[in-house]
Amino acid sequence: MVKILRGRCVVPGKCEGEIVFTSQPISFWGGVDPITGCVNDPRHELFGQSISGKVLVFPFGKGSSTTSLIILELARVDKAPAAIINLRTEPILATGPIVCKHLYGKEIPIVTLDEGTFQLLKTARHVVVDATAGEVIITD
Amino acid sequence: MQLTDQEKGILDGKHGEGARITLSILVDLGELFGAGEMMEVSQVHIDSSIYFVDAGLEFAERLAELGAKVTVPTSLNPSAIDLERWKEYRVPPELLEKSRRMERAYLNMGATPTWTCAPYQGGMIPRFGEQIAWGESNAIAFANSIIGARTNRYADLMDVCASLVGKVPRFGLHLPENRRAEVLIRLIGVTHEMFKDQAIYPLLGLLVGEMAGDRVVAIEGIPQNAGIDSLKGFSAAVASSGAVGLFHLVGMTPEAQTIEMCLQGTRPKEVLEISPTMIRKAEQGLWTTKGDIVDLVAIGCPHFSFMEFRELAERINGKKVHSSIVFWVFTSRTIHGWIKNCGILKGLIDSGIMVFTDACVLRYPKETWHFNVMMTNSAKLANYCYSQTGLDVAYGSLEECVNTAVRGRICRRKSLW
């Protein structure tokens, strides 16, 4: 059943994809391999999973300020997540997608949801992210 | 955002393509985070100086080719390599070539060749209350918290934009109301005795970072006599386990002379506690190796200070590093000059310790050095070690690191917690 979740646009854009959900924060630097697009932090519950082309759902970023560079590189080699959904997006996380737009003309939309809405994605499999409209549509 | 005529002119391309791109990126950031206007910063620390991925090199070279220049004093975080001792550091040709290109791009833009992650110990020290734009998570936490300068957690690339424009959007930790602590953390049962072992500071940092997440926290119970290097290790650890740009040490850091001051008269949203058991678990959690085998001892994350070198020299005191161990220390060119002048460097080299400048141990050349297990006194390094280097890791105090290097097997102290 299609369900529309309303949130807030952080970085505009529209895409759809399979959900990868985690309730743990992610540090892209030291947490995601920029060559393979897989989570490479052994302490993370997504360890070993690919985030490339996925709608990556996690509460907020953590750790190094190099996160932006990893996201830009993932975009450069076409291994970036299709979109990001957060509870809160801090500037370090938003920087990669912003620079990506100006340097490579590629979109990585980001939407934030409130806590209750965010949890609905835990069991979702596939979504359409319309960040520009601040919407996430669960299609499966 | 309300932009000035001059800023609008930049966005129209009247001041060149480099200025247009970088201000566009900053304005986008400001719009997303609700900033009303741009504001000047007086100093920038660029984290993006390390060659890591080609996207970073492309970005730097494109701006340099466009003739972009920094407009405020700008320090550089480490390079991927020791730019002088690259042979000794066994830097492969491709990494050397790309690091040289990064060096050329940033120096052409007019940045200061500091090549250090601890610029606050090497001459680039902001004032209390100064508005700055810093990258590098440990340096951000240190500048905001220990010094009381004001910076957001600027990401790689955004730091470059700030240095070229000399401005950032007015939001976040630049504004006093956002510097209020939301969470209060108390140390319970952590005795004065435990603080005699400096390894406690990074471990507390790890716990605080995890508890804080991305919130501003106040911590009660850190001793007033905590040294600057202990606070450096604490800052680095806090910013590696959490998205922490600012913490307050009650009674010590400039914006937290009293608890009321850092809470800005409000009540904390949450009060949390740290116990010795939690410290013990945090320490155990850093270890990914079992047994006592080790082949690399690496310290200087963040870059080693002069006082840390003095302690290292006293502890090694003419003893030799075991033949099965490689012992690396990372520092800045500035500090390297000081230890060379006073003779400390020679003693360390004679003991078999390798001292490198400019570089970051997390990016050591893996093609040319083959290790299995690293020991370090840095909780930040230990935290990132496996994912960044593939090495298993052991964590201990500087004393344990030195004893381990001399004995050739991991030496543990009796834990105080």
# chains A, B, ... in the order shown; residues from 1 in each chain; ligands from 1
$ select_by_dssp --residues "range 257-409 of chain B" --states "helix (DSSP H, G or I)" --output "ChimeraX atom specification"
/B:259-263,276-286,306-316,333-341,344-350,361-363,379-389,398-407
$ interface_residues --of "chain A" --to "chain B" --cutoff "7 Å" --atoms "only C-alpha atoms" --output "PyMOL selection string"
chain A and resi 10+30-31+40-42+61-66+68-69+72-73+76+92+95+98-99+102
$ residues_around --residues "Ser75 in chain B" --least-positions-apart "4" --cutoff "6 Å" --atoms "only C-alpha atoms" --output "count of residues only"
3
$ residues_around --residues "range 14-19 of chain A" --least-positions-apart "5" --cutoff "12 Å" --atoms "only C-alpha atoms" --output "VMD selection string"
chain A and resid 9 49 to 58 81 to 85 106 to 111 120 to 140
$ write_last_selection --atoms "C-alpha atoms" --output "compact mmCIF listing (two decimals), in the first residue's frame"
# COMPACT_ATOMS: atom_id res chain seq x y z
CA CYS A 9 13.67 19.19 2.25
CA GLN A 49 26.32 -3.85 3.05
CA SER A 50 26.35 -1.71 -0.08
CA ILE A 51 24.69 1.71 0.07
CA SER A 52 25.23 2.50 -3.63
CA GLY A 53 22.06 3.51 -5.40
CA LYS A 54 20.07 2.88 -2.21
CA VAL A 55 17.90 5.23 -0.21
CA LEU A 56 20.02 5.35 2.93
CA VAL A 57 18.04 5.94 6.12
CA PHE A 58 19.99 6.75 9.30
CA PRO A 81 23.40 6.55 -2.26
CA ALA A 82 20.44 7.61 -4.41
CA ALA A 83 19.07 9.67 -1.53
CA ILE A 84 19.51 10.15 2.22
CA ILE A 85 16.78 10.28 4.85
CA LYS A 106 24.57 15.31 -9.90
CA GLU A 107 21.75 15.16 -7.34
CA ILE A 108 21.76 13.36 -3.99
CA PRO A 109 18.52 14.52 -2.35
CA ILE A 110 18.23 14.64 1.44
CA VAL A 111 15.00 14.70 3.44
CA LEU A 120 7.89 3.85 9.66
CA LEU A 121 10.77 3.30 7.23
CA LYS A 122 12.18 0.50 9.36
CA THR A 123 9.91 -2.03 7.67
CA ALA A 124 9.67 -0.29 4.27
CA ARG A 125 11.51 -1.79 1.30
CA HIS A 126 11.12 0.67 -1.56
CA VAL A 127 10.43 4.40 -1.61
CA VAL A 128 10.13 7.39 -3.90
CA VAL A 129 11.97 10.37 -2.42
CA ASP A 130 10.72 13.75 -3.56
CA ALA A 131 13.02 15.92 -1.49
CA THR A 132 11.99 19.08 -3.30
CA ALA A 133 8.43 18.55 -2.05
CA GLY A 134 9.69 17.21 1.29
CA GLU A 135 7.96 13.88 0.70
CA VAL A 136 8.84 10.21 1.00
CA ILE A 137 6.41 7.81 -0.63
CA ILE A 138 6.53 4.20 0.54
CA THR A 139 5.74 1.98 -2.43
CA ASP A 140 6.67 -1.38 -0.91
$ closest_residue --among "B:Ala133, B:Leu416, B:Ile293, B:Leu173" --to "Glu90 in chain A" --atoms "only C-alpha atoms"
B:Leu173
$ atom_distance --atom1 "CA of Gly352 in chain B" --atom2 "CA of Lys320 in chain B"
6.1 Å
$ residues_around --residues "range 124-131 of chain B" --least-positions-apart "6" --cutoff "7 Å" --atoms "only C-alpha atoms" --output "list in words"
Val41, Ser42, Ile147, Gly148, Ala149, Arg150, Thr151 and His174 of chain B
$ write_last_selection --atoms "C-alpha atoms" --output "compact mmCIF listing (two decimals), in the first residue's frame"
# COMPACT_ATOMS: atom_id res chain seq x y z
CA VAL B 41 35.53 34.80 9.43
CA SER B 42 39.10 35.74 10.29
CA ILE B 147 39.65 27.98 23.32
CA GLY B 148 36.09 29.26 22.95
CA ALA B 149 36.52 30.40 19.34
CA ARG B 150 33.42 29.91 17.19
CA THR B 151 33.19 27.55 14.29
CA HIS B 174 28.65 30.91 15.32
$ closest_residue --among "A:Leu87, A:Leu103, A:Val20, A:Met1" --to "Gly18 in chain B" --atoms "only C-alpha atoms"
A:Leu103
$ select_by_dssp --residues "range 115-314 of chain B" --states "strand (DSSP E)" --output "VMD selection string"
chain B and resid 133 to 134 167 to 169 183 to 187 217 to 220 247 to 249 270 to 274 296 to 304
$ atom_distance --atom1 "CA of Ser332 in chain B" --atom2 "CA of Cys401 in chain B"
20.5 Å
$ atom_distance --atom1 "CA of Ile10 in chain B" --atom2 "CA of Ala35 in chain B"
18.4 Å
$ residues_around --residues "Thr89 in chain A" --least-positions-apart "5" --cutoff "7 Å" --atoms "only C-alpha atoms" --output "MDAnalysis selection string"
chainID A and resid 60 94 112
$ write_last_selection --atoms "N, CA and C atoms" --output "tab-separated table (two decimals), in the first residue's frame"
chain	number	residue	atom	x	y	z
A	60	PHE	N	21.43	10.35	11.99
A	60	PHE	CA	22.27	11.53	11.74
A	60	PHE	C	23.70	11.08	11.51
A	94	ALA	N	25.48	17.46	4.63
A	94	ALA	CA	24.85	18.13	3.49
A	94	ALA	C	25.88	18.65	2.49
A	112	THR	N	14.60	15.21	5.78
A	112	THR	CA	14.52	14.84	7.20
A	112	THR	C	13.07	14.56	7.56
$ residues_around --residues "range 339-346 of chain B" --least-positions-apart "2" --cutoff "10 Å" --atoms "only C-alpha atoms" --output "ChimeraX atom specification"
/B:305-307,309-310,312-314,334-337,348-355
